[in-house]
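*Asks:* Data: data_7.pdb, PDB, C-alpha atoms.
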MODEL        1
ATOM      1  CA  MET A  25     -27.776 -18.470  70.862
ATOM      2  CA  GLU A  26     -28.943 -15.243  69.183
ATOM      3  CA  GLU A  27     -31.575 -14.020  71.659
ATOM      4  CA  LEU A  28     -31.405 -13.726  75.422
ATOM      5  CA  THR A  29     -33.844 -12.614  78.144
ATOM      6  CA  VAL A  30     -32.353 -11.575  81.469
ATOM      7  CA  LYS A  31     -34.391 -11.175  84.661
ATOM      8  CA  GLY A  32     -33.581 -10.080  88.198
ATOM      9  CA  PRO A  33     -30.609  -8.087  89.541
ATOM     10  CA  ILE A  34     -27.555  -7.489  87.344
ATOM     11  CA  ASN A  35     -24.361  -5.542  87.992
ATOM     12  CA  GLY A  36     -21.287  -4.389  86.107
ATOM     13  CA  MET A  37     -19.826  -7.885  85.818
ATOM     14  CA  ASP A  38     -23.048  -9.173  84.277
ATOM     15  CA  LEU A  39     -23.121  -6.317  81.780
ATOM     16  CA  GLU A  40     -19.511  -7.005  80.819
ATOM     17  CA  CYS A  41     -20.462 -10.615  80.143
ATOM     18  CA  LEU A  42     -23.384  -9.542  77.942
ATOM     19  CA  LYS A  43     -21.130  -7.088  76.132
ATOM     20  CA  GLY A  44     -18.695  -9.860  75.301
ATOM     21  CA  MET A  45     -21.463 -12.061  73.958
ATOM     22  CA  CYS A  46     -22.418  -9.470  71.332
ATOM     23  CA  GLY A  47     -18.973  -8.026  70.643
ATOM     24  CA  GLN A  48     -16.739  -8.462  67.615
ATOM     25  CA  PHE A  49     -16.875 -12.264  67.708
ATOM     26  CA  GLY A  50     -20.202 -12.581  69.503
ATOM     27  CA  VAL A  51     -23.404 -14.178  68.222
ATOM     28  CA  LEU A  52     -25.930 -12.533  70.535
ATOM     29  CA  THR A  53     -28.130 -10.205  68.452
ATOM     30  CA  SER A  54     -31.062  -9.494  70.768
ATOM     31  CA  ILE A  55     -31.230  -8.826  74.532
ATOM     32  CA  ASN A  56     -34.371  -8.302  76.603
ATOM     33  CA  LEU A  57     -33.585  -6.608  79.923
ATOM     34  CA  SER A  58     -37.127  -5.434  80.608
ATOM     35  CA  ASP A  59     -37.416  -7.435  83.830
ATOM     36  CA  ALA A  60     -33.795  -6.976  84.863
ATOM     37  CA  THR A  61     -32.692  -4.423  87.464
ATOM     38  CA  ILE A  62     -29.251  -2.839  87.457
ATOM     39  CA  VAL A  63     -27.956  -2.783  91.026
ATOM     40  CA  ASP A  64     -24.971  -1.230  92.777
ATOM     41  CA  GLY A  65     -21.784  -3.216  92.398
ATOM     42  CA  GLU A  66     -18.864  -4.086  90.134
ATOM     43  CA  GLY A  67     -18.834  -0.627  88.578
ATOM     44  CA  THR A  68     -22.557   0.000  88.294
ATOM     45  CA  THR A  69     -24.943   2.377  90.043
ATOM     46  CA  ALA A  70     -28.504   1.297  90.672
ATOM     47  CA  ASN A  71     -30.804   1.800  87.679
ATOM     48  CA  VAL A  72     -28.079   3.423  85.538
ATOM     49  CA  LEU A  73     -26.749   1.921  82.296
ATOM     50  CA  PRO A  74     -23.059   2.788  82.647
ATOM     51  CA  ASP A  75     -20.770   4.578  80.202
ATOM     52  CA  GLY A  76     -19.821   2.329  77.294
ATOM     53  CA  ALA A  77     -22.077  -0.498  78.482
ATOM     54  CA  PHE A  78     -22.586  -1.914  74.976
ATOM     55  CA  GLN A  79     -19.795  -0.102  73.174
ATOM     56  CA  THR A  80     -18.384  -1.936  70.089
ATOM     57  CA  THR A  81     -21.109  -4.600  70.175
ATOM     58  CA  MET A  82     -21.503  -4.945  66.425
ATOM     59  CA  ALA A  83     -23.555  -8.151  66.705
ATOM     60  CA  LEU A  84     -26.212  -6.463  68.847
ATOM     61  CA  GLN A  85     -29.240  -5.389  66.808
ATOM     62  CA  HIS A  86     -32.075  -5.167  69.322
ATOM     63  CA  ILE A  87     -32.277  -4.415  73.024
ATOM     64  CA  VAL A  88     -35.122  -3.807  75.467
ATOM     65  CA  LEU A  89     -33.876  -1.725  78.364
ATOM     66  CA  PRO A  90     -34.854  -2.305  82.009
ATOM     67  CA  LYS A  91     -38.272  -0.863  82.736
ATOM     68  CA  ASN A  92     -36.973   0.889  85.874
ATOM     69  CA  LEU A  93     -33.865   2.422  84.249
ATOM     70  CA  THR A  94     -33.337   6.093  85.144
ATOM     71  CA  ALA A  95     -30.194   7.074  83.196
ATOM     72  CA  ILE A  96     -28.057   6.051  80.208
ATOM     73  CA  GLY A  97     -24.341   6.782  80.325
ATOM     74  CA  SER A  98     -22.148   8.283  77.621
ATOM     75  CA  PHE A  99     -21.082   6.101  74.676
ATOM     76  CA  ALA A 100     -23.451   3.349  75.850
ATOM     77  CA  PHE A 101     -24.047   2.055  72.308
ATOM     78  CA  GLN A 102     -21.106   3.605  70.455
ATOM     79  CA  ASP A 103     -20.012   1.504  67.456
ATOM     80  CA  SER A 104     -22.776  -1.000  68.139
ATOM     81  CA  GLY A 105     -25.039  -2.690  65.608
ATOM     82  CA  ILE A 106     -28.189  -1.452  67.328
ATOM     83  CA  GLU A 107     -31.042  -0.756  64.893
ATOM     84  CA  GLU A 108     -33.702   0.755  67.111
ATOM     85  CA  LEU A 109     -34.281   1.872  70.676
ATOM     86  CA  VAL A 110     -37.325   2.654  72.778
ATOM     87  CA  LEU A 111     -36.392   4.904  75.700
ATOM     88  CA  PRO A 112     -38.208   3.731  78.848
ATOM     89  CA  LYS A 113     -40.581   6.172  80.512
ATOM     90  CA  THR A 114     -38.421   6.128  83.655
ATOM     91  CA  VAL A 115     -35.253   7.497  81.980
ATOM     92  CA  THR A 116     -34.641  11.144  82.870
ATOM     93  CA  GLU A 117     -30.901  11.515  82.206
ATOM     94  CA  LEU A 118     -28.869  10.929  79.032
ATOM     95  CA  GLY A 119     -25.109  11.004  78.583
ATOM     96  CA  ARG A 120     -23.273  12.192  75.477
ATOM     97  CA  ASP A 121     -22.621  10.329  72.222
ATOM     98  CA  ILE A 122     -24.814   7.406  73.230
ATOM     99  CA  PHE A 123     -25.117   6.193  69.624
ATOM    100  CA  TYR A 124     -21.919   7.617  68.124
ATOM    101  CA  TYR A 125     -21.175   5.619  64.972
ATOM    102  CA  ALA A 126     -24.013   3.175  65.580
ATOM    103  CA  ARG A 127     -24.244   2.855  61.805
ATOM    104  CA  ASN A 128     -27.421   0.755  61.670
ATOM    105  CA  LEU A 129     -29.597   2.917  63.928
ATOM    106  CA  LYS A 130     -32.856   3.609  62.092
ATOM    107  CA  ALA A 131     -35.508   4.268  64.726
ATOM    108  CA  LEU A 132     -35.774   6.109  68.042
ATOM    109  CA  SER A 133     -38.825   6.508  70.229
ATOM    110  CA  VAL A 134     -39.792   7.294  73.811
ATOM    111  CA  GLU A 135     -42.229   5.279  75.878
ATOM    112  CA  GLU A 136     -45.467   7.090  76.660
ATOM    113  CA  GLY A 137     -45.436   8.646  80.103
ATOM    114  CA  ASN A 138     -41.845   9.862  80.193
ATOM    115  CA  THR A 139     -41.903  13.241  81.954
ATOM    116  CA  VAL A 140     -38.601  14.547  80.533
ATOM    117  CA  PHE A 141     -38.306  13.234  76.962
ATOM    118  CA  HIS A 142     -40.635  12.481  74.091
ATOM    119  CA  SER A 143     -40.587  11.600  70.401
ATOM    120  CA  PRO A 144     -43.619  13.332  68.854
ATOM    121  CA  ASN A 145     -45.210  12.279  65.584
ATOM    122  CA  HIS A 146     -42.848   9.345  65.064
ATOM    123  CA  CYS A 147     -39.984  11.755  64.391
ATOM    124  CA  ASN A 148     -37.263   9.183  65.200
ATOM    125  CA  ALA A 149     -35.541  11.459  67.699
ATOM    126  CA  ILE A 150     -35.327  11.953  71.451
ATOM    127  CA  ILE A 151     -36.425  15.455  72.449
ATOM    128  CA  GLU A 152     -36.200  17.186  75.804
ATOM    129  CA  LYS A 153     -39.675  18.491  76.578
ATOM    130  CA  ALA A 154     -38.859  21.471  78.807
ATOM    131  CA  THR A 155     -36.463  23.121  76.353
ATOM    132  CA  ASN A 156     -37.645  21.705  73.013
ATOM    133  CA  THR A 157     -34.078  20.519  72.450
ATOM    134  CA  LEU A 158     -33.430  17.589  70.149
ATOM    135  CA  ARG A 159     -30.923  15.546  72.160
ATOM    136  CA  ILE A 160     -30.424  12.489  69.916
ATOM    137  CA  GLY A 161     -31.219  11.964  66.248
ATOM    138  CA  CYS A 162     -30.557   9.283  63.650
ATOM    139  CA  ALA A 163     -30.431   9.012  59.860
ATOM    140  CA  ASN A 164     -34.250   8.767  59.652
ATOM    141  CA  THR A 165     -35.009  11.701  61.945
ATOM    142  CA  VAL A 166     -37.499  14.280  60.743
ATOM    143  CA  VAL A 167     -36.821  17.345  62.882
ATOM    144  CA  PRO A 168     -40.272  18.437  64.078
ATOM    145  CA  ASP A 169     -41.614  21.962  63.870
ATOM    146  CA  GLY A 170     -41.288  23.686  67.222
ATOM    147  CA  ILE A 171     -37.782  22.422  67.994
ATOM    148  CA  LYS A 172     -35.727  25.301  69.397
ATOM    149  CA  ALA A 173     -32.294  23.700  69.662
ATOM    150  CA  LEU A 174     -30.102  20.841  68.549
ATOM    151  CA  GLY A 175     -28.099  19.543  71.482
ATOM    152  CA  GLN A 176     -24.376  18.920  71.535
ATOM    153  CA  MET A 177     -23.444  16.131  69.106
ATOM    154  CA  ALA A 178     -27.152  15.494  68.447
ATOM    155  CA  PHE A 179     -26.457  14.027  64.998
ATOM    156  CA  SER A 180     -22.764  13.186  65.353
ATOM    157  CA  GLY A 181     -21.242  10.060  63.866
ATOM    158  CA  ILE A 182     -24.077   9.159  61.463
ATOM    159  CA  PRO A 183     -22.276   8.151  58.261
ATOM    160  CA  SER A 184     -25.518   7.531  56.335
ATOM    161  CA  LEU A 185     -26.886  11.059  56.920
ATOM    162  CA  LYS A 186     -26.743  12.892  53.590
ATOM    163  CA  GLU A 187     -28.949  15.983  53.816
ATOM    164  CA  VAL A 188     -30.226  18.243  56.584
ATOM    165  CA  LYS A 189     -32.971  20.828  56.353
ATOM    166  CA  LEU A 190     -33.726  22.390  59.717
ATOM    167  CA  PRO A 191     -37.150  23.840  60.504
ATOM    168  CA  SER A 192     -38.041  27.479  60.872
ATOM    169  CA  GLY A 193     -38.005  28.410  64.545
ATOM    170  CA  LEU A 194     -34.781  26.580  65.378
ATOM    171  CA  THR A 195     -32.537  29.064  67.171
ATOM    172  CA  SER A 196     -29.518  27.097  68.405
ATOM    173  CA  ILE A 197     -27.160  24.445  67.032
ATOM    174  CA  GLY A 198     -24.977  22.842  69.679
ATOM    175  CA  TRP A 199     -21.290  22.037  69.725
ATOM    176  CA  ALA A 200     -20.286  19.444  67.094
ATOM    177  CA  ALA A 201     -23.945  18.766  66.320
ATOM    178  CA  PHE A 202     -23.114  17.004  63.037
ATOM    179  CA  TRP A 203     -19.563  15.953  63.813
ATOM    180  CA  ALA A 204     -18.092  13.281  61.492
ATOM    181  CA  ASP A 205     -21.224  12.776  59.378
ATOM    182  CA  THR A 206     -19.006  11.723  56.521
ATOM    183  CA  GLU A 207     -21.696  11.459  53.820
ATOM    184  CA  LEU A 208     -23.460  14.741  54.647
ATOM    185  CA  SER A 209     -23.481  16.854  51.501
ATOM    186  CA  LYS A 210     -26.273  19.437  51.819
ATOM    187  CA  VAL A 211     -27.223  21.702  54.740
ATOM    188  CA  THR A 212     -29.846  24.454  54.854
ATOM    189  CA  LEU A 213     -30.151  26.754  57.894
ATOM    190  CA  SER A 214     -33.250  28.860  58.467
ATOM    191  CA  GLU A 215     -33.506  32.560  59.267
ATOM    192  CA  SER A 216     -34.193  31.871  62.952
ATOM    193  CA  VAL A 217     -30.762  30.390  63.837
ATOM    194  CA  THR A 218     -28.905  32.836  66.093
ATOM    195  CA  ASP A 219     -26.522  30.640  68.077
ATOM    196  CA  ILE A 220     -24.075  28.169  66.540
ATOM    197  CA  GLY A 221     -21.696  26.174  68.727
ATOM    198  CA  GLU A 222     -18.136  25.224  67.942
ATOM    199  CA  SER A 223     -17.437  23.009  64.905
ATOM    200  CA  PRO A 224     -21.035  22.083  64.072
ATOM    201  CA  PHE A 225     -19.928  20.340  60.852
ATOM    202  CA  GLY A 226     -16.418  19.264  61.809
ATOM    203  CA  GLY A 227     -15.294  16.171  59.932
ATOM    204  CA  CYS A 228     -18.071  16.518  57.332
ATOM    205  CA  GLU A 229     -15.707  16.473  54.381
ATOM    206  CA  ARG A 230     -18.318  15.956  51.651
ATOM    207  CA  ILE A 231     -20.502  19.019  52.190
ATOM    208  CA  THR A 232     -20.928  20.712  48.818
ATOM    209  CA  SER A 233     -23.858  22.976  49.695
ATOM    210  CA  LEU A 234     -24.140  25.018  52.895
ATOM    211  CA  VAL A 235     -26.874  27.633  52.599
ATOM    212  CA  ILE A 236     -28.252  30.094  55.130
ATOM    213  CA  ASP A 237     -31.618  31.731  54.559
ATOM    214  CA  ALA A 238     -31.109  35.260  53.234
ATOM    215  CA  LYS A 239     -33.406  36.618  55.961
ATOM    216  CA  ASN A 240     -31.128  35.418  58.780
ATOM    217  CA  ALA A 241     -30.084  38.519  60.752
ATOM    218  CA  LYS A 242     -26.958  37.059  62.351
ATOM    219  CA  TYR A 243     -25.329  34.678  59.850
ATOM    220  CA  ASP A 244     -25.001  34.544  56.085
ATOM    221  CA  SER A 245     -23.470  32.464  53.303
ATOM    222  CA  ARG A 246     -22.883  35.332  50.907
ATOM    223  CA  ASN A 247     -22.119  34.849  47.221
ATOM    224  CA  ASN A 248     -22.683  31.092  47.473
ATOM    225  CA  CYS A 249     -19.464  30.848  49.487
ATOM    226  CA  ASN A 250     -20.414  27.516  51.102
ATOM    227  CA  ALA A 251     -19.556  28.909  54.525
ATOM    228  CA  ILE A 252     -21.155  30.307  57.681
ATOM    229  CA  ILE A 253     -20.241  33.937  58.313
ATOM    230  CA  GLU A 254     -21.239  36.075  61.282
ATOM    231  CA  THR A 255     -22.620  39.061  59.421
ATOM    232  CA  ALA A 256     -21.890  41.857  61.906
ATOM    233  CA  THR A 257     -18.246  40.898  62.451
ATOM    234  CA  ASN A 258     -17.461  39.142  59.148
ATOM    235  CA  LYS A 259     -16.157  36.287  61.268
ATOM    236  CA  LEU A 260     -15.917  32.954  59.480
ATOM    237  CA  ILE A 261     -17.645  30.325  61.622
ATOM    238  CA  GLU A 262     -17.495  27.287  59.336
ATOM    239  CA  ASP A 263     -15.861  27.042  55.916
ATOM    240  CA  ARG A 264     -16.930  24.089  53.864
ATOM    241  CA  ALA A 265     -15.280  25.521  50.740
ATOM    242  CA  ARG A 266     -11.981  24.664  52.418
ATOM    243  CA  GLY A 267     -13.384  21.673  54.253
ATOM    244  CA  ILE A 268     -12.521  22.825  57.786
ATOM    245  CA  PRO A 269     -14.289  24.382  60.762
ATOM    246  CA  LEU A 270     -12.945  27.765  61.837
ATOM    247  CA  LEU A 271     -13.817  27.530  65.526
TER
ENDMDL
END
I'd like the structure from this file rewritten - as structure tokens, please.
*Replies:*
Amino acid sequence: MEELTVKGPINGMDLECLKGMCGQFGVLTSINLSDATIVDGEGTTANVLPDGAFQTTMALQHIVLPKNLTAIGSFAFQDSGIEELVLPKTVTELGRDIFYYARNLKALSVEEGNTVFHSPNHCNAIIEKATNTLRIGCANTVVPDGIKALGQMAFSGIPSLKEVKLPSGLTSIGWAAFWADTELSKVTLSESVTDIGESPFGGCERITSLVIDAKNAKYDSRNNCNAIIETATNKLIEDRARGIPLL
């Protein structure tokens, strides 16, 4: 059996069973939970996909989430084989590192009508409307104009991500935003970036070009140093020439 449709109430025990069916030795590649409802019991809270729900499910390629789901827990699809995800319009809360090292993830979108998140112009990212913060990206994300911030670990654990050019107008890069993107080699930051969190490129050992727009008033990468320097204090924020973060 490669595909499965589940309907009616399900709890933590049911999710553990599904997880096993698409784990390391599983054969289940596609799950449709659209007409299922997560209920309280056996480690689950009603309408919440729990932390690590489909963690290490390398066989799993496709999933349709419950249409009444309100939240997705941290690490829900970490190290899974998931290729795409449509966020239901009912989801208003997201945990951290939901797709960390989900190597095959190619497409992200948000169902029309979601009041908190959207994915404009087929950008392959999940964006928080109120703050214009990109919460989750993937290797095929095109960061839209108008984005003000990259959230914590927004692009972390994407081994196929090779180059990042961030749009003008972006002001903030969150903690570990590109953590462990092992193939990332080229990064360009615009003049508008004024707030960089801790270790934005930690574990990115193959970066050979890290450039900050010369008009940036707070940070610079002087003399092609391949580093991020806080101009006013001469503080080294990230040093790719030595391959290590300084914060």
*Asks:* Excluding region 62-64 of chain A and any residue of its chain fewer than 6 positions from it, enumerate the residues within 8 Å of it, using only C-alpha atoms, and give them as a PyMOL selection string.
*Replies:* chain A and resi 33-35+70-73+90+93
*Asks:* Would you please work out which residue, of A:Gly175, A:Gly105, A:Pro144, A:Pro224, is nearest to Leu118 (chain A) when using all atoms listed in the file?
*Replies:* A:Gly175
*Asks:* What is the CA of Ile220 (chain A)-CA of Ile151 (chain A) distance in Å, reported with one decimal?
*Replies:*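 Between these atoms lies a distance of 18.7 Å.
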*Asks:* Do you have the CA of Val115 (chain A)-CA of Ala95 (chain A) distance handy?
*Replies:* 5.2 Å
*Asks:* Give, as AutoDock Vina command-line options, the centre coordinates and the x, y and z edge lengths in Å to one decimal for an axis-aligned box around all listed atoms of region 149-156 of chain A, padded by 3 Å on each side.
*Replies:*
--center_x -37.5 --center_y 17.3 --center_z 73.3 --size_x 10.3 --size_y 17.7 --size_z 17.1
*Asks:* Between CA of Pro191 (chain A) and CA of Leu158 (chain A), what is the distance in Å, rounded to a tenth?
*Replies:*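 Rounded to one decimal, the two atoms are 12.1 Å apart.
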*Asks:* Report the residues retrieved by the PyMOL selection byres ((chain A and resi 235) around 10) from the displayed file, expressed as a PyMOL selection string.
*Replies:* chain A and resi 189+210-214+232-234+236-238+244-246+248-252
*Asks:* Residue by residue, what does the PyMOL selection byres ((chain A and resi 104) around 6) grab here? Present the result as a ChimeraX atom specification.
*Replies:* /A:79-82,101-103,105-106,126
*Asks:* List the residues matched by the PyMOL selection byres ((chain A and resi 197) around 7) in the displayed structure as a list in words, ordered by chain and then by residue number.
*Replies:* Ala173, Leu174, Gly175, Ser196, Gly198, Trp199, Ala201, Asp219, Ile220 and Gly221 of chain A
*Asks:* Can you tell me which residues surround Glu135 (chain A) at a distance of at most 9 Å, considering all atoms listed in the file, apart from same-chain residues fewer than 6 positions away, and format the answer as number ranges by chain?
*Replies:* A: 110-114, 141-143
*Asks:* Please supply region 186-206 of chain A, rebuilt with N, CA, C and O atoms, as a compact mmCIF listing (two decimals), keeping the file's coordinate frame.
*Replies:*
# COMPACT_ATOMS: atom_id res chain seq x y z
N LYS A 186 -27.21 12.23 54.81
CA LYS A 186 -26.74 12.89 53.59
C LYS A 186 -27.23 14.33 53.44
O LYS A 186 -26.58 15.14 52.78
N GLU A 187 -28.39 14.64 54.01
CA GLU A 187 -28.95 15.98 53.82
C GLU A 187 -29.68 16.42 55.07
O GLU A 187 -30.34 15.61 55.72
N VAL A 188 -29.56 17.70 55.41
CA VAL A 188 -30.23 18.24 56.58
C VAL A 188 -30.93 19.54 56.22
O VAL A 188 -30.31 20.47 55.69
N LYS A 189 -32.22 19.59 56.47
CA LYS A 189 -32.97 20.83 56.35
C LYS A 189 -33.64 21.07 57.69
O LYS A 189 -34.50 20.30 58.12
N LEU A 190 -33.24 22.13 58.36
CA LEU A 190 -33.73 22.39 59.72
C LEU A 190 -34.93 23.32 59.69
O LEU A 190 -34.99 24.23 58.87
N PRO A 191 -35.89 23.11 60.57
CA PRO A 191 -37.15 23.84 60.50
C PRO A 191 -37.02 25.30 60.92
O PRO A 191 -36.14 25.68 61.70
N SER A 192 -37.93 26.10 60.42
CA SER A 192 -38.04 27.48 60.87
C SER A 192 -38.40 27.48 62.35
O SER A 192 -39.20 26.67 62.81
N GLY A 193 -37.78 28.36 63.11
CA GLY A 193 -38.01 28.41 64.54
C GLY A 193 -36.84 27.87 65.34
O GLY A 193 -36.69 28.17 66.53
N LEU A 194 -35.98 27.07 64.70
CA LEU A 194 -34.78 26.58 65.38
C LEU A 194 -33.84 27.75 65.62
O LEU A 194 -33.52 28.50 64.69
N THR A 195 -33.39 27.92 66.85
CA THR A 195 -32.54 29.06 67.17
C THR A 195 -31.09 28.69 67.50
O THR A 195 -30.20 29.52 67.36
N SER A 196 -30.85 27.45 67.92
CA SER A 196 -29.52 27.10 68.40
C SER A 196 -29.06 25.75 67.87
O SER A 196 -29.83 24.78 67.83
N ILE A 197 -27.79 25.69 67.47
CA ILE A 197 -27.16 24.44 67.03
C ILE A 197 -25.97 24.20 67.94
O ILE A 197 -25.04 25.01 68.01
N GLY A 198 -25.98 23.10 68.66
CA GLY A 198 -24.98 22.84 69.68
C GLY A 198 -23.62 22.44 69.14
O GLY A 198 -23.45 22.14 67.94
N TRP A 199 -22.66 22.41 70.03
CA TRP A 199 -21.29 22.04 69.72
C TRP A 199 -21.24 20.69 69.00
O TRP A 199 -21.84 19.72 69.41
N ALA A 200 -20.54 20.68 67.85
CA ALA A 200 -20.29 19.44 67.09
C ALA A 200 -21.56 18.67 66.78
O ALA A 200 -21.57 17.44 66.76
N ALA A 201 -22.64 19.40 66.50
CA ALA A 201 -23.94 18.77 66.32
C ALA A 201 -23.95 17.72 65.21
O ALA A 201 -24.67 16.72 65.29
N PHE A 202 -23.16 17.93 64.16
CA PHE A 202 -23.11 17.00 63.04
C PHE A 202 -21.70 16.44 62.83
O PHE A 202 -21.32 16.10 61.72
N TRP A 203 -20.96 16.35 63.89
CA TRP A 203 -19.56 15.95 63.81
C TRP A 203 -19.41 14.58 63.13
O TRP A 203 -20.07 13.61 63.46
N ALA A 204 -18.49 14.54 62.15
CA ALA A 204 -18.09 13.28 61.49
C ALA A 204 -19.24 12.59 60.77
O ALA A 204 -19.25 11.35 60.67
N ASP A 205 -20.20 13.36 60.26
CA ASP A 205 -21.22 12.78 59.38
C ASP A 205 -20.63 12.77 57.97
O ASP A 205 -20.83 13.70 57.17
N THR A 206 -19.92 11.73 57.66
CA THR A 206 -19.01 11.72 56.52
C THR A 206 -19.69 11.75 55.16
O THR A 206 -19.04 12.05 54.16
